[in-house]
$ cat start-v1.txt   # compact mmCIF, C-alpha atoms
# COMPACT_ATOMS: atom_id res chain seq x y z
CA MET A 223 7.60 -6.28 15.79
CA TRP A 224 9.48 -6.54 12.49
CA GLY A 225 9.42 -9.85 10.70
CA MET A 226 12.36 -11.72 9.32
CA ALA A 227 12.21 -12.78 5.70
CA SER A 228 13.20 -16.33 4.86
CA THR A 229 16.52 -14.98 3.57
CA GLY A 230 17.28 -13.44 6.98
CA GLU A 231 16.63 -9.85 5.84
CA LEU A 232 14.65 -7.47 8.03
CA ASN A 233 11.21 -6.38 6.86
CA PHE A 234 10.47 -2.95 8.28
CA LEU A 235 6.98 -2.91 6.78
CA THR A 236 4.22 -5.49 6.90
CA ASN A 237 2.79 -6.89 3.68
CA HIS A 238 -0.17 -4.55 4.19
CA GLY A 239 2.17 -1.57 4.37
CA ARG A 240 4.14 -2.76 1.35
CA THR A 241 0.91 -3.27 -0.61
CA LEU A 242 -0.19 0.24 0.27
CA LEU A 243 3.14 1.56 -1.04
CA CYS A 244 2.76 -0.49 -4.21
CA VAL A 245 -0.72 0.83 -5.07
CA ALA A 246 0.25 4.39 -4.07
CA HIS A 247 3.16 4.19 -6.50
CA ASP A 248 1.10 2.52 -9.26
CA PRO A 249 -2.69 2.84 -8.82
CA ASP A 250 -3.21 0.71 -11.95
CA ALA A 251 -1.10 -2.20 -10.67
CA ARG A 252 -2.61 -5.62 -11.31
CA LEU A 253 -2.84 -8.15 -8.49
CA TRP A 254 -0.20 -10.17 -10.33
CA ASP A 255 2.16 -7.15 -10.20
CA ILE A 256 1.43 -6.56 -6.51
CA ALA A 257 2.03 -10.23 -5.73
CA ALA A 258 5.33 -10.19 -7.64
CA THR A 259 6.45 -7.08 -5.73
CA LEU A 260 5.57 -8.69 -2.41
CA GLY A 261 6.98 -12.08 -3.34
CA THR A 262 3.67 -13.77 -2.58
CA THR A 263 0.70 -15.27 -4.42
CA GLU A 264 -2.07 -13.42 -6.24
CA ARG A 265 -4.53 -14.89 -3.75
CA ARG A 266 -2.61 -13.37 -0.83
CA ALA A 267 -2.28 -10.01 -2.66
CA PHE A 268 -6.06 -10.09 -3.27
CA ALA A 269 -6.70 -10.72 0.43
CA ILE A 270 -4.40 -7.87 1.48
CA VAL A 271 -5.96 -5.41 -0.98
CA ASN A 272 -9.40 -6.45 0.29
CA ASP A 273 -8.27 -5.93 3.90
CA LEU A 274 -7.08 -2.42 3.00
CA ALA A 275 -10.33 -1.70 1.13
CA GLN A 276 -12.53 -2.96 3.98
CA ALA A 277 -10.57 -0.81 6.43
CA GLY A 278 -11.15 2.18 4.15
CA TYR A 279 -7.50 2.85 3.28
CA VAL A 280 -7.93 1.91 -0.39
CA ILE A 281 -10.87 2.44 -2.70
CA LYS A 282 -11.18 0.09 -5.65
CA GLU A 283 -12.51 1.68 -8.84
CA ARG A 284 -13.46 -0.43 -11.81
CA VAL A 285 -11.92 0.85 -15.07
CA GLY A 286 -12.97 -1.38 -17.92
CA ARG A 287 -11.87 -4.90 -17.02
CA ARG A 288 -9.31 -3.73 -14.46
CA ASN A 289 -9.23 -2.14 -11.04
CA ARG A 290 -7.64 1.16 -10.15
CA TYR A 291 -6.73 1.72 -6.52
CA VAL A 292 -7.05 5.07 -4.76
CA VAL A 293 -5.24 5.42 -1.44
CA GLN A 294 -7.11 7.48 1.12
CA ARG A 295 -4.07 9.55 2.10
CA HIS A 296 -5.90 11.67 4.66
CA LEU A 297 -6.67 8.74 6.96
CA PRO A 298 -4.60 8.27 10.11
CA ILE A 299 -2.12 5.46 10.46
CA PRO A 300 -3.48 2.82 12.84
CA GLY A 301 -1.49 2.16 16.00
CA ALA A 302 -0.41 4.08 19.05
CA PHE A 303 3.15 4.85 17.91
CA GLU A 304 2.07 6.66 14.74
CA GLN A 305 -0.78 8.73 16.22
CA GLY A 306 -1.39 12.01 14.48
CA ARG A 307 0.22 10.98 11.19
CA ALA A 308 -1.74 10.51 7.98
CA ILE A 309 -1.05 7.76 5.47
CA GLY A 310 -0.11 10.37 2.85
CA GLU A 311 2.68 11.77 5.05
CA VAL A 312 4.35 8.38 5.36
CA LEU A 313 3.88 7.58 1.67
CA GLU A 314 5.49 10.90 0.77
CA LEU A 315 8.53 9.98 2.87
CA LEU A 316 8.83 6.46 1.49
CA ILE A 317 8.10 6.94 -2.21
CA GLY A 318 8.45 10.68 -2.70
CA THR A 319 4.87 11.43 -3.73
CA ASP A 320 3.47 14.88 -4.21
CA GLY A 321 1.36 15.38 -1.08
CA ALA A 322 -1.28 17.41 -2.90
CA THR A 323 -1.90 15.13 -5.85
CA GLY A 324 -0.60 11.80 -4.57
CA THR A 325 1.47 11.30 -7.72
CA PRO A 326 5.09 10.13 -7.57
CA GLY A 327 7.43 13.10 -7.32
CA SER A 328 10.40 13.77 -9.53

$ encode --input "start-v1.txt" --output "structure tokens"
Amino acid sequence: MWGMASTGELNFLTNHGRTLLCVAHDPDARLWDIAATLGTTERRAFAIVNDLAQAGYVIKERVGRRNRYVVQRHLPIPGAFEQGRAIGEVLELLIGTDGATGTPGS
């Protein structure tokens, strides 16, 4: 269920979950920043963001020459174990966001 990193550390979240946390924390994050946070390549970060966008969990908005990511916090978490929970509830627990605005809390 949980993967082991090459260093032997447990990963409690998938790269998709970690990417969702990253863009929820910083909606203006560049793919390079996301890749650095994940410890992966920009190409892999791009694929993960596209997976999340195609599934409807992230909306990409073009702002000038950059993308801004909007997490659809109202959507349910996929999977049987998490039924009834919205993405925003989990993000609030993990990064301390304000549930109403989706901005990082103090």

$ residues_around --input "start-v1.txt" --residues "range 250-261 of chain A" --least-positions-apart "3" --cutoff "8 Å" --atoms "only C-alpha atoms" --output "PDB file with C-alpha atoms, in the coordinates of the input"
ATOM      1  CA  ASN A 237       2.790  -6.890   3.680  1.00  0.00           C
ATOM      2  CA  ARG A 240       4.140  -2.760   1.350  1.00  0.00           C
ATOM      3  CA  THR A 241       0.910  -3.270  -0.610  1.00  0.00           C
ATOM      4  CA  CYS A 244       2.760  -0.490  -4.210  1.00  0.00           C
ATOM      5  CA  VAL A 245      -0.720   0.830  -5.070  1.00  0.00           C
ATOM      6  CA  GLU A 264      -2.070 -13.420  -6.240  1.00  0.00           C
ATOM      7  CA  ARG A 266      -2.610 -13.370  -0.830  1.00  0.00           C
ATOM      8  CA  ALA A 267      -2.280 -10.010  -2.660  1.00  0.00           C
ATOM      9  CA  PHE A 268      -6.060 -10.090  -3.270  1.00  0.00           C
ATOM     10  CA  ARG A 288      -9.310  -3.730 -14.460  1.00  0.00           C
ATOM     11  CA  ASN A 289      -9.230  -2.140 -11.040  1.00  0.00           C
ATOM     12  CA  ARG A 290      -7.640   1.160 -10.150  1.00  0.00           C
ATOM     13  CA  TYR A 291      -6.730   1.720  -6.520  1.00  0.00           C
TER      14      TYR A 291
END

$ axis_aligned_box --input "start-v1.txt" --around "range 255-271 of chain A" --padding-each-side "3 Å" --output "JSON"
{"center_x": 0.1, "center_y": -10.3, "center_z": -4.4, "size_x": 19.7, "size_y": 15.9, "size_z": 17.7}

$ closest_residue --input "start-v1.txt" --among "A:Arg295, A:Arg265, A:Lys282, A:His247" --to "Ile317 in chain A" --atoms "all atoms listed in the file"
A:His247

$ closest_residue --input "start-v1.txt" --among "A:Leu242, A:His296, A:Val312, A:Arg287" --to "Leu274 in chain A" --atoms "all atoms listed in the file"
A:Leu242

$ atom_distance --input "start-v1.txt" --atom1 "CA of Ile299 in chain A" --atom2 "CA of Asp248 in chain A"
20.2 Å

$ closest_residue --input "start-v1.txt" --among "A:Thr263, A:Gly318, A:Tyr279, A:Leu313" --to "Leu243 in chain A" --atoms "only C-alpha atoms"
A:Leu313

$ atom_distance --input "start-v1.txt" --atom1 "CA of Val280 in chain A" --atom2 "CA of Leu315 in chain A"
18.6 Å

$ atom_distance --input "start-v1.txt" --atom1 "CA of Asp273 in chain A" --atom2 "CA of His238 in chain A"
8.2 Å

$ closest_residue --input "start-v1.txt" --among "A:Gln276, A:Val293, A:Glu283, A:Phe234" --to "Ile309 in chain A" --atoms "only C-alpha atoms"
A:Val293

$ closest_residue --input "start-v1.txt" --among "A:Leu316, A:Leu235, A:Ile270, A:Ala246" --to "Val292 in chain A" --atoms "only C-alpha atoms"
A:Ala246
